[in-house]
Number of protein chains: 2
Amino acid sequence: MKIAVDAMGGDHAPAVVVEGAIAAAHELPYEIVLVGAQDSLEEHLSRHKGVPKTISVYHAPESIGMNESPALSIRKKRNASINVAVRLAQEKKVEAVVSAGNTGAFVCAATLYLRLLPGIERAGIGVLFPTLKGMTLLIDAGANIDAKPSHLCQYGIMGDAFYRYILGCENPKVGLLNVGEEDAKGTDFIKETYKLLEDAAVKFVGNVEGHDLFRGECEVIVCDGFAGNVALKVSESLAETMGLFLKTELSKGLLNRLGALLSFSAFRALREKMDYAEYGGAPLLGIDGTCIICHGSSSGKAIKNAIRLAGYFINRGVNTHILEALHRH
Amino acid sequence: MKIAVDAMGGDHAPAVVVEGAIAAAHELPYEIVLVGAQDSLEEHLSRHKGVPKTISVYHAPESIGMNESPALSIRKKRNASINVAVRLAQEKKVEAVVSAGNTGAFVCAATLYLRLLPGIERAGIGVLFPTLKGMTLLIDAGANIDAKPSHLCQYGIMGDAFYRYILGCENPKVGLLNVGEEDAKGTDFIKETYKLLEDAAVKFVGNVEGHDLFRGECEVIVCDGFAGNVALKVSESLAETMGLFLKTELSKGLLNRLGALLSFSAFRALREKMDYAEYGGAPLLGIDGTCIICHGSSSGKAIKNAIRLAGYFINRGVNTHILEALHRH
């Protein structure tokens with residue numbers, strides 16, 4: 001299996017992307033194609049010893065900044081690493097694409113070059129959140145901010161397939177993100193989505209609230225890309241703020257510092273629990289191909305785990321299962 | 001000044017509401033009217049020694065459950081504590097209302113009996129979030145889930161007035177919650193709101209993201225009630241989950257337990273920072289009156305601080321300042 005990695009995407013590219021790709025090549029039986037500026041990538045690779053032969057470089061002369069307009073970048077920077085990587089998948093030269101670059105540009109390129117799965121109306125980003133009980137998949141975390149009820153219903157079906165075959169859960173519960181749990185709550189948009197999900201071939205458990213994201217009462221939570229993006233970013237920011245605040249407090253005075261030292265393993269466990277790098281990237285569901293989106297500030301470990309997730313996605317036939325579920329629907 | 005407190009509202013009512021009201025009466029120069037089932041309230045009051053004479057009881061025979069439909073409860077339970085408390089304000093017998101009960105019912109009763117301030121199109125709930133730098137007011141946290149751009153623009157103006165006069169900030173920065181920081185991001189709804197806020201008499205700093213809520217880069221963040229409700233509930237749930245997880249880890253093994261004991265003051269500081277009880281309740285802005293909404297699971301301390309906030313709201317003339325700002329607008 002060949003996986004293309006956008007080597008120029010992310011806050012710490014290409015250094016950490018190269019590092020993550022090398023780690024993946026050591027652990028995983030995949031061929032990895034680093035897509036980006038050839039000279040720079042070869043220079044970065046030369047800094048590492050014993051680079052596996054399963055890593056190669058594919059030249060792409062341009063790259064897209066994190067804040068560039070996705071629509072413009074796809075037209076004006078045809079040879080940017082993310083566009084080139086996705087076209088390699090379109091031409092069947094690779095089977096999956098991993099990128100920590102501009103998310104909007106990745107979604108645009110994937111939709112344009114790889115197209116949506118037959119019957120799917122919009123792609124959605126699925127993000128895994130750690131909960132008290134395990135993991136919850138939130139879909140959509142921001143691919144589609146002008147969503148329709150039918151899109152959200154399909155997110156439920158796709159989220160079910162991903163959770164079922166990647167996380168190995170026989171009958172994942174699917175909830176609809178709302179402002180209250182009662183059936184009659186929410187906007188007309190939400191009420192219409194509710195009806196569609198009731199008829200979908202998923203274990204729909206009705207409305208859930210923001211509270212439920214980290215309580216782990218249901219495995220898949222469906223929402224529009226605007227609300228999902230807010231939920232994702234607010235969570236990241238709060239976890240970071242609480243961590244920083246606690247760190248500051250624990251550095252005050254000898255007792256606190258000594259206590260923190262003794263409790264080191266507890267803090268490490270919390271950090272690991274909250275660290276998205278442990279979970280790899282987020283699947284872009286609904287694309288006729290395999291696209292894994294990584295956080296902009298991904299570490300090498302996050303890149304490695306995203307490559308691993310891309311392999312699972314293909315080997316476990318997530319897209320085939322989505323198509324079967326759509327068929328039943 | 002007389003303040004009505006819905007004594008039957010909240011998960012631990014009436015016990016903690018009575019407790020909070022007594023604490024407030026000891027500390028603050030206000031008359032407090034506990035509204036609810038007379039017998040029960042008198043019995044609860046009799047459990048406390050030295051109840052200040054500034055506390056009285058006003059009988060309301062019914063109460064509204066946390067999950068009852070707001071629209072129904074206002075028609076079918078005219079004599080529920082929250083409705084009676086708001087009517088006391090309508091009849092000018094009290095100057096403010098505090099409730100930890102059903103938020104939707106409170107918003108409905110306030111809008112129906114007290115009406116909106118002249119020129120205001122919708123009320124919005126403002127919630128204060130602790131940040132690394134101080135506090136950020138998010139408005140709307142869920143009063144109005146079918147919002148229009150003009151509502152959000154008015155939230156900016158009202159949030160500015162509240163922050164300016166309650167938190168004493170000369171020129172609070174106002175941001176619009178979006179999925180990216182660039183001007184061109186977001187739905188048509190957001191783009192229209194952006195234009196309105198540019199022309200409003202507030203220090204509009206443009207789009208902000210979910211990340212910015214806890215970073216404290218701007219003092220007021222405006223959003224529709226759906227996104228705001230998700231942001232609020234996701235935050236509460238994450239803070240709770242991280243706390244529970246850390247507690248569990250810190251109880252594993254002697255070293256962790258000893259460390260936690262030594263670092264006790266750091267954990268207490270974090271808990272205080274994240275504890276909404278410290279900040280009192282959330283103002284319902286836009287109502288021609290003073291309404292403070294408390295969290296359903298409010299402690300006595302939260303009730304006390306909400307009563308204090310109601311006093312500030314009146315003494316500092318927040319509504320007068322809102323009307324002046326609307327006039328300038």
# chains A, B, ... in the order shown; residues from 1 in each chain; ligands from 1
call {"tool": "interface_residues", "arguments": {"of": "chain B", "to": "chain A", "cutoff": "6 Å", "atoms": "only C-alpha atoms", "output": "ChimeraX atom specification"}}
result
/B:210-211,214,227,230-231,233-234,237-238,249-250,255-256,259-260,262-263,266
call {"tool": "residues_around", "arguments": {"residues": "Lys301 of chain A", "least_positions_apart": "5", "cutoff": "10 Å", "atoms": "only C-alpha atoms", "output": "PyMOL selection string"}}
result
chain A and resi 16-17+19-21+23-24+276-280+306-307
call {"tool": "select_by_dssp", "arguments": {"residues": "segment 65-312 of chain B", "states": "helix (DSSP H, G or I)", "output": "PyMOL selection string"}}
result
chain B and resi 70-76+81-90+103-114+149-166+188-199+210-213+225-250+253-262+264-274+276-279+300-312
call {"tool": "residues_around", "arguments": {"residues": "Leu28 of chain A", "least_positions_apart": "5", "cutoff": "12 Å", "atoms": "only C-alpha atoms", "output": "ChimeraX atom specification"}}
result
/A:1-3,20-23,52,54-55,304-312
call {"tool": "write_last_selection", "arguments": {"atoms": "all heavy atoms", "output": "tab-separated table (two decimals), in the first residue's frame"}}
result
chain	number	residue	atom	x	y	z
A	1	MET	N	0.84	-1.20	0.00
A	1	MET	CA	0.00	0.00	0.00
A	1	MET	C	0.88	1.26	0.00
A	1	MET	O	1.86	1.32	0.71
A	1	MET	CB	-0.87	-0.01	1.26
A	1	MET	CG	-1.92	1.08	1.27
A	1	MET	SD	-2.69	1.23	2.88
A	1	MET	CE	-3.33	-0.42	3.13
A	2	LYS	N	0.50	2.24	-0.84
A	2	LYS	CA	1.26	3.49	-0.92
A	2	LYS	C	0.42	4.63	-0.34
A	2	LYS	O	-0.75	4.79	-0.69
A	2	LYS	CB	1.57	3.80	-2.39
A	2	LYS	CG	2.98	3.46	-2.82
A	2	LYS	CD	3.27	4.09	-4.17
A	2	LYS	CE	4.67	3.73	-4.64
A	2	LYS	NZ	4.93	4.12	-6.02
A	3	ILE	N	1.05	5.42	0.52
A	3	ILE	CA	0.35	6.55	1.14
A	3	ILE	C	1.13	7.83	0.88
A	3	ILE	O	2.33	7.90	1.16
A	3	ILE	CB	0.17	6.30	2.66
A	3	ILE	CG1	-0.72	5.07	2.88
A	3	ILE	CG2	-0.42	7.54	3.34
A	3	ILE	CD1	-0.86	4.65	4.33
A	20	GLY	N	7.83	12.10	11.27
A	20	GLY	CA	6.69	11.19	11.45
A	20	GLY	C	6.64	10.12	10.37
A	20	GLY	O	6.33	8.96	10.64
A	21	ALA	N	6.96	10.52	9.13
A	21	ALA	CA	6.92	9.56	8.02
A	21	ALA	C	7.98	8.48	8.22
A	21	ALA	O	7.73	7.29	7.98
A	21	ALA	CB	7.14	10.30	6.70
A	22	ILE	N	9.17	8.89	8.70
A	22	ILE	CA	10.23	7.90	8.94
A	22	ILE	C	9.81	6.93	10.05
A	22	ILE	O	9.95	5.71	9.91
A	22	ILE	CB	11.56	8.61	9.29
A	22	ILE	CG1	12.08	9.37	8.06
A	22	ILE	CG2	12.59	7.62	9.80
A	22	ILE	CD1	13.30	10.23	8.33
A	23	ALA	N	9.23	7.48	11.12
A	23	ALA	CA	8.77	6.62	12.21
A	23	ALA	C	7.72	5.63	11.71
A	23	ALA	O	7.73	4.44	12.06
A	23	ALA	CB	8.21	7.47	13.35
A	52	PRO	N	14.24	4.28	5.98
A	52	PRO	CA	13.78	3.07	5.27
A	52	PRO	C	13.62	3.33	3.77
A	52	PRO	O	13.28	4.44	3.35
A	52	PRO	CB	12.41	2.79	5.91
A	52	PRO	CG	12.45	3.47	7.23
A	52	PRO	CD	13.30	4.69	7.04
A	54	THR	N	11.35	2.36	2.00
A	54	THR	CA	9.94	2.51	1.64
A	54	THR	C	9.52	3.98	1.60
A	54	THR	O	8.36	4.28	1.32
A	54	THR	CB	9.05	1.74	2.64
A	54	THR	OG1	9.52	2.05	3.97
A	54	THR	CG2	9.13	0.25	2.41
A	55	ILE	N	10.43	4.88	1.88
A	55	ILE	CA	10.12	6.32	1.79
A	55	ILE	C	10.69	6.87	0.50
A	55	ILE	O	11.85	6.65	0.17
A	55	ILE	CB	10.73	7.09	2.99
A	55	ILE	CG1	10.01	6.71	4.27
A	55	ILE	CG2	10.65	8.60	2.74
A	55	ILE	CD1	10.17	7.69	5.39
A	304	LYS	N	2.68	10.06	12.29
A	304	LYS	CA	2.83	8.60	12.24
A	304	LYS	C	1.48	7.91	12.48
A	304	LYS	O	1.08	7.01	11.74
A	304	LYS	CB	3.84	8.13	13.29
A	304	LYS	CG	4.07	6.64	13.31
A	304	LYS	CD	4.90	6.20	14.50
A	304	LYS	CE	4.05	6.22	15.76
A	304	LYS	NZ	4.80	5.84	16.97
A	305	ASN	N	0.77	8.35	13.52
A	305	ASN	CA	-0.51	7.71	13.83
A	305	ASN	C	-1.57	7.99	12.78
A	305	ASN	O	-2.47	7.18	12.57
A	305	ASN	CB	-0.98	8.13	15.23
A	305	ASN	CG	-0.21	7.40	16.32
A	305	ASN	OD1	0.33	6.31	16.08
A	305	ASN	ND2	-0.12	8.00	17.50
A	306	ALA	N	-1.47	9.14	12.09
A	306	ALA	CA	-2.40	9.42	11.00
A	306	ALA	C	-2.14	8.48	9.83
A	306	ALA	O	-3.08	8.02	9.17
A	306	ALA	CB	-2.26	10.88	10.57
A	307	ILE	N	-0.87	8.18	9.56
A	307	ILE	CA	-0.53	7.23	8.50
A	307	ILE	C	-1.07	5.84	8.87
A	307	ILE	O	-1.64	5.13	8.04
A	307	ILE	CB	1.01	7.20	8.26
A	307	ILE	CG1	1.47	8.57	7.71
A	307	ILE	CG2	1.41	6.06	7.33
A	307	ILE	CD1	2.98	8.77	7.68
A	308	ARG	N	-0.94	5.49	10.14
A	308	ARG	CA	-1.48	4.22	10.61
A	308	ARG	C	-3.01	4.17	10.39
A	308	ARG	O	-3.55	3.18	9.91
A	308	ARG	CB	-1.18	4.07	12.11
A	308	ARG	CG	-1.55	2.71	12.70
A	308	ARG	CD	-1.54	2.73	14.22
A	308	ARG	NE	-0.32	3.27	14.80
A	308	ARG	CZ	0.78	2.55	15.03
A	308	ARG	NH1	0.80	1.28	14.75
A	308	ARG	NH2	1.84	3.13	15.57
A	309	LEU	N	-3.69	5.29	10.74
A	309	LEU	CA	-5.14	5.36	10.57
A	309	LEU	C	-5.53	5.21	9.10
A	309	LEU	O	-6.51	4.52	8.77
A	309	LEU	CB	-5.68	6.68	11.14
A	309	LEU	CG	-7.18	6.91	11.02
A	309	LEU	CD1	-7.97	5.84	11.78
A	309	LEU	CD2	-7.57	8.30	11.56
A	310	ALA	N	-4.74	5.84	8.20
A	310	ALA	CA	-5.02	5.71	6.76
A	310	ALA	C	-4.98	4.24	6.35
A	310	ALA	O	-5.84	3.77	5.59
A	310	ALA	CB	-4.00	6.53	5.95
A	311	GLY	N	-3.99	3.51	6.87
A	311	GLY	CA	-3.89	2.07	6.57
A	311	GLY	C	-5.10	1.30	7.07
A	311	GLY	O	-5.69	0.49	6.34
A	312	TYR	N	-5.52	1.57	8.30
A	312	TYR	CA	-6.72	0.90	8.85
A	312	TYR	C	-7.94	1.20	7.98
A	312	TYR	O	-8.76	0.33	7.70
A	312	TYR	CB	-7.04	1.44	10.26
A	312	TYR	CG	-6.13	0.97	11.36
A	312	TYR	CD1	-6.07	1.69	12.56
A	312	TYR	CD2	-5.36	-0.17	11.26
A	312	TYR	CE1	-5.26	1.29	13.61
A	312	TYR	CE2	-4.54	-0.58	12.30
A	312	TYR	CZ	-4.49	0.15	13.47
A	312	TYR	OH	-3.69	-0.24	14.50
call {"tool": "residues_around", "arguments": {"residues": "Tyr194 of chain B", "least_positions_apart": "5", "cutoff": "8 Å", "atoms": "only C-alpha atoms", "output": "PDB file with all heavy atoms, in the first residue's frame"}}
result
ATOM      1  N   LEU B 176     -16.519  38.313  16.694  1.00  0.00           N
ATOM      2  CA  LEU B 176     -17.621  37.497  16.159  1.00  0.00           C
ATOM      3  C   LEU B 176     -17.139  36.054  16.040  1.00  0.00           C
ATOM      4  O   LEU B 176     -16.127  35.792  15.371  1.00  0.00           O
ATOM      5  CB  LEU B 176     -18.032  38.043  14.780  1.00  0.00           C
ATOM      6  CG  LEU B 176     -19.049  37.231  13.979  1.00  0.00           C
ATOM      7  CD1 LEU B 176     -20.381  37.130  14.723  1.00  0.00           C
ATOM      8  CD2 LEU B 176     -19.253  37.867  12.598  1.00  0.00           C
ATOM      9  N   GLY B 206     -13.325  41.902  14.621  1.00  0.00           N
ATOM     10  CA  GLY B 206     -13.465  40.930  13.539  1.00  0.00           C
ATOM     11  C   GLY B 206     -13.764  39.528  14.040  1.00  0.00           C
ATOM     12  O   GLY B 206     -14.225  39.338  15.169  1.00  0.00           O
ATOM     13  N   ASN B 207     -13.496  38.561  13.176  1.00  0.00           N
ATOM     14  CA  ASN B 207     -13.790  37.169  13.508  1.00  0.00           C
ATOM     15  C   ASN B 207     -12.837  36.628  14.568  1.00  0.00           C
ATOM     16  O   ASN B 207     -11.655  36.949  14.574  1.00  0.00           O
ATOM     17  CB  ASN B 207     -13.640  36.293  12.261  1.00  0.00           C
ATOM     18  CG  ASN B 207     -14.707  36.592  11.229  1.00  0.00           C
ATOM     19  OD1 ASN B 207     -15.846  36.868  11.576  1.00  0.00           O
ATOM     20  ND2 ASN B 207     -14.342  36.542   9.956  1.00  0.00           N
TER      21      ASN B 207
END
call {"tool": "atom_distance", "arguments": {"atom1": "atom CA of Ile125 of chain A", "atom2": "atom CA of Val107 of chain A"}}
result
8.9 Å
call {"tool": "residues_around", "arguments": {"residues": "Cys108 of chain B", "least_positions_apart": "2", "cutoff": "8 Å", "atoms": "only C-alpha atoms", "output": "list in words"}}
result
Pro70, Ala71, Ile74, Gly104, Ala105, Phe106, Ala110, Thr111 and Leu112 of chain B
call {"tool": "closest_residue", "arguments": {"among": "B:Glu31, B:Leu197, B:Cys169, B:Ala7", "to": "Leu45 of chain B", "atoms": "only C-alpha atoms"}}
result
B:Ala7
call {"tool": "residues_around", "arguments": {"residues": "Leu137 of chain A", "least_positions_apart": "3", "cutoff": "10 Å", "atoms": "only C-alpha atoms", "output": "count of residues only"}}
result
21
call {"tool": "residues_around", "arguments": {"residues": "Ile82 of chain A", "least_positions_apart": "5", "cutoff": "8 Å", "atoms": "only C-alpha atoms", "output": "PyMOL selection string"}}
result
chain A and resi 6+8-9+35+63-64+99+101+105-106+109
call {"tool": "atom_distance", "arguments": {"atom1": "atom CA of Cys223 of chain A", "atom2": "atom CA of Glu198 of chain A"}}
result
15.1 Å
call {"tool": "atom_distance", "arguments": {"atom1": "atom CA of Leu41 of chain A", "atom2": "atom CA of Ala60 of chain A"}}
result
10.5 Å
call {"tool": "closest_residue", "arguments": {"among": "B:Ser150, B:Asn102, B:Ser46, B:Asn83", "to": "His295 of chain B", "atoms": "only C-alpha atoms"}}
result
B:Asn102
call {"tool": "closest_residue", "arguments": {"among": "B:Lys203, B:Arg115, B:His321, B:Arg122", "to": "Ile166 of chain B", "atoms": "only C-alpha atoms"}}
result
B:His321
call {"tool": "select_by_dssp", "arguments": {"residues": "segment 15-211 of chain A", "states": "strand (DSSP E)", "output": "ChimeraX atom specification"}}
result
/A:31-36,55-59,96-99,124-130,135-139,173-177,203-208
call {"tool": "decode", "arguments": {"residues": "segment 19-128 of chain A", "atoms": "C-alpha atoms", "output": "short mmCIF file (atom, residue, chain, number, x, y, z; two decimals), in the first residue's frame"}}
result
data_model
loop_
_atom_site.label_atom_id
_atom_site.label_comp_id
_atom_site.auth_asym_id
_atom_site.auth_seq_id
_atom_site.Cartn_x
_atom_site.Cartn_y
_atom_site.Cartn_z
CA GLU A 19 10.21 12.67 11.18
CA GLY A 20 6.69 11.19 11.45
CA ALA A 21 6.92 9.56 8.02
CA ILE A 22 10.23 7.90 8.94
CA ALA A 23 8.77 6.62 12.21
CA ALA A 24 5.76 5.25 10.31
CA ALA A 25 7.98 3.59 7.70
CA HIS A 26 9.88 1.83 10.50
CA GLU A 27 6.70 0.52 12.14
CA LEU A 28 4.24 0.02 9.31
CA PRO A 29 4.33 -2.06 6.10
CA TYR A 30 3.44 0.87 3.82
CA GLU A 31 5.31 2.76 1.13
CA ILE A 32 5.29 6.44 2.00
CA VAL A 33 5.54 9.18 -0.62
CA LEU A 34 6.59 12.56 0.79
CA VAL A 35 5.13 15.25 -1.46
CA GLY A 36 6.84 18.65 -1.47
CA ALA A 37 9.92 20.65 -2.42
CA GLN A 38 12.40 17.95 -3.46
CA ASP A 39 15.62 19.71 -2.40
CA SER A 40 14.28 20.62 1.01
CA LEU A 41 12.87 17.14 1.62
CA GLU A 42 16.07 15.40 0.59
CA GLU A 43 18.01 17.69 2.87
CA HIS A 44 15.64 16.89 5.76
CA LEU A 45 15.82 13.16 5.05
CA SER A 46 19.62 13.31 5.00
CA ARG A 47 19.55 14.47 8.64
CA HIS A 48 18.16 11.07 9.68
CA LYS A 49 20.14 7.85 9.76
CA GLY A 50 18.80 4.60 8.34
CA VAL A 51 15.85 6.07 6.44
CA PRO A 52 13.78 3.07 5.27
CA LYS A 53 13.73 2.41 1.53
CA THR A 54 9.94 2.51 1.64
CA ILE A 55 10.12 6.32 1.79
CA SER A 56 10.33 8.28 -1.45
CA VAL A 57 9.99 11.93 -2.45
CA TYR A 58 7.62 13.33 -5.09
CA HIS A 59 8.35 16.90 -6.11
CA ALA A 60 5.77 19.66 -5.69
CA PRO A 61 7.20 23.15 -6.09
CA GLU A 62 4.56 25.16 -4.23
CA SER A 63 2.86 25.06 -0.88
CA ILE A 64 -0.31 26.57 0.59
CA GLY A 65 -0.20 28.70 3.74
CA MET A 66 -2.46 27.89 6.69
CA ASN A 67 -4.49 31.07 6.13
CA GLU A 68 -4.74 31.10 2.35
CA SER A 69 -8.18 30.92 0.75
CA PRO A 70 -8.92 27.27 -0.14
CA ALA A 71 -10.88 28.17 -3.27
CA LEU A 72 -8.13 30.44 -4.60
CA SER A 73 -5.30 28.10 -3.68
CA ILE A 74 -6.77 25.27 -5.69
CA ARG A 75 -6.98 27.40 -8.83
CA LYS A 76 -3.79 29.41 -8.49
CA LYS A 77 -1.51 26.81 -6.91
CA ARG A 78 -2.18 23.68 -8.88
CA ASN A 79 1.31 22.46 -8.01
CA ALA A 80 1.08 22.99 -4.28
CA SER A 81 2.02 19.89 -2.27
CA ILE A 82 -1.54 19.20 -1.07
CA ASN A 83 -2.98 19.42 -4.60
CA VAL A 84 -0.21 17.25 -6.03
CA ALA A 85 -0.66 14.67 -3.25
CA VAL A 86 -4.41 14.44 -3.88
CA ARG A 87 -3.85 14.13 -7.65
CA LEU A 88 -1.50 11.19 -6.98
CA ALA A 89 -4.50 9.51 -5.35
CA GLN A 90 -6.74 10.51 -8.27
CA GLU A 91 -4.25 8.88 -10.66
CA LYS A 92 -4.25 5.76 -8.46
CA LYS A 93 -0.52 6.15 -7.78
CA VAL A 94 -1.23 6.19 -4.04
CA GLU A 95 -4.17 4.85 -2.04
CA ALA A 96 -4.40 7.50 0.66
CA VAL A 97 -3.38 11.08 1.45
CA VAL A 98 -2.36 12.49 4.83
CA SER A 99 -1.97 16.24 5.42
CA ALA A 100 -1.49 18.59 8.37
CA GLY A 101 -1.82 21.60 6.08
CA ASN A 102 -4.65 24.01 5.32
CA THR A 103 -7.80 21.98 6.10
CA GLY A 104 -10.05 23.95 3.75
CA ALA A 105 -7.62 23.46 0.87
CA PHE A 106 -7.42 19.72 1.60
CA VAL A 107 -11.22 19.39 1.64
CA CYS A 108 -11.50 21.36 -1.64
CA ALA A 109 -8.79 19.34 -3.38
CA ALA A 110 -10.22 16.02 -2.19
CA THR A 111 -13.73 16.93 -3.33
CA LEU A 112 -12.53 18.26 -6.69
CA TYR A 113 -10.02 15.55 -7.64
CA LEU A 114 -11.27 12.43 -5.87
CA ARG A 115 -15.00 13.31 -5.89
CA LEU A 116 -17.58 12.21 -3.36
CA LEU A 117 -18.67 8.60 -2.92
CA PRO A 118 -21.71 7.89 -5.13
CA GLY A 119 -24.82 9.08 -3.29
CA ILE A 120 -22.94 11.22 -0.75
CA GLU A 121 -23.93 14.91 -0.85
CA ARG A 122 -21.12 16.46 1.25
CA ALA A 123 -17.92 15.33 2.91
CA GLY A 124 -17.59 15.73 6.67
CA ILE A 125 -14.63 15.78 9.06
CA GLY A 126 -14.86 13.21 11.84
CA VAL A 127 -12.88 14.02 15.00
CA LEU A 128 -12.35 11.60 17.87
#
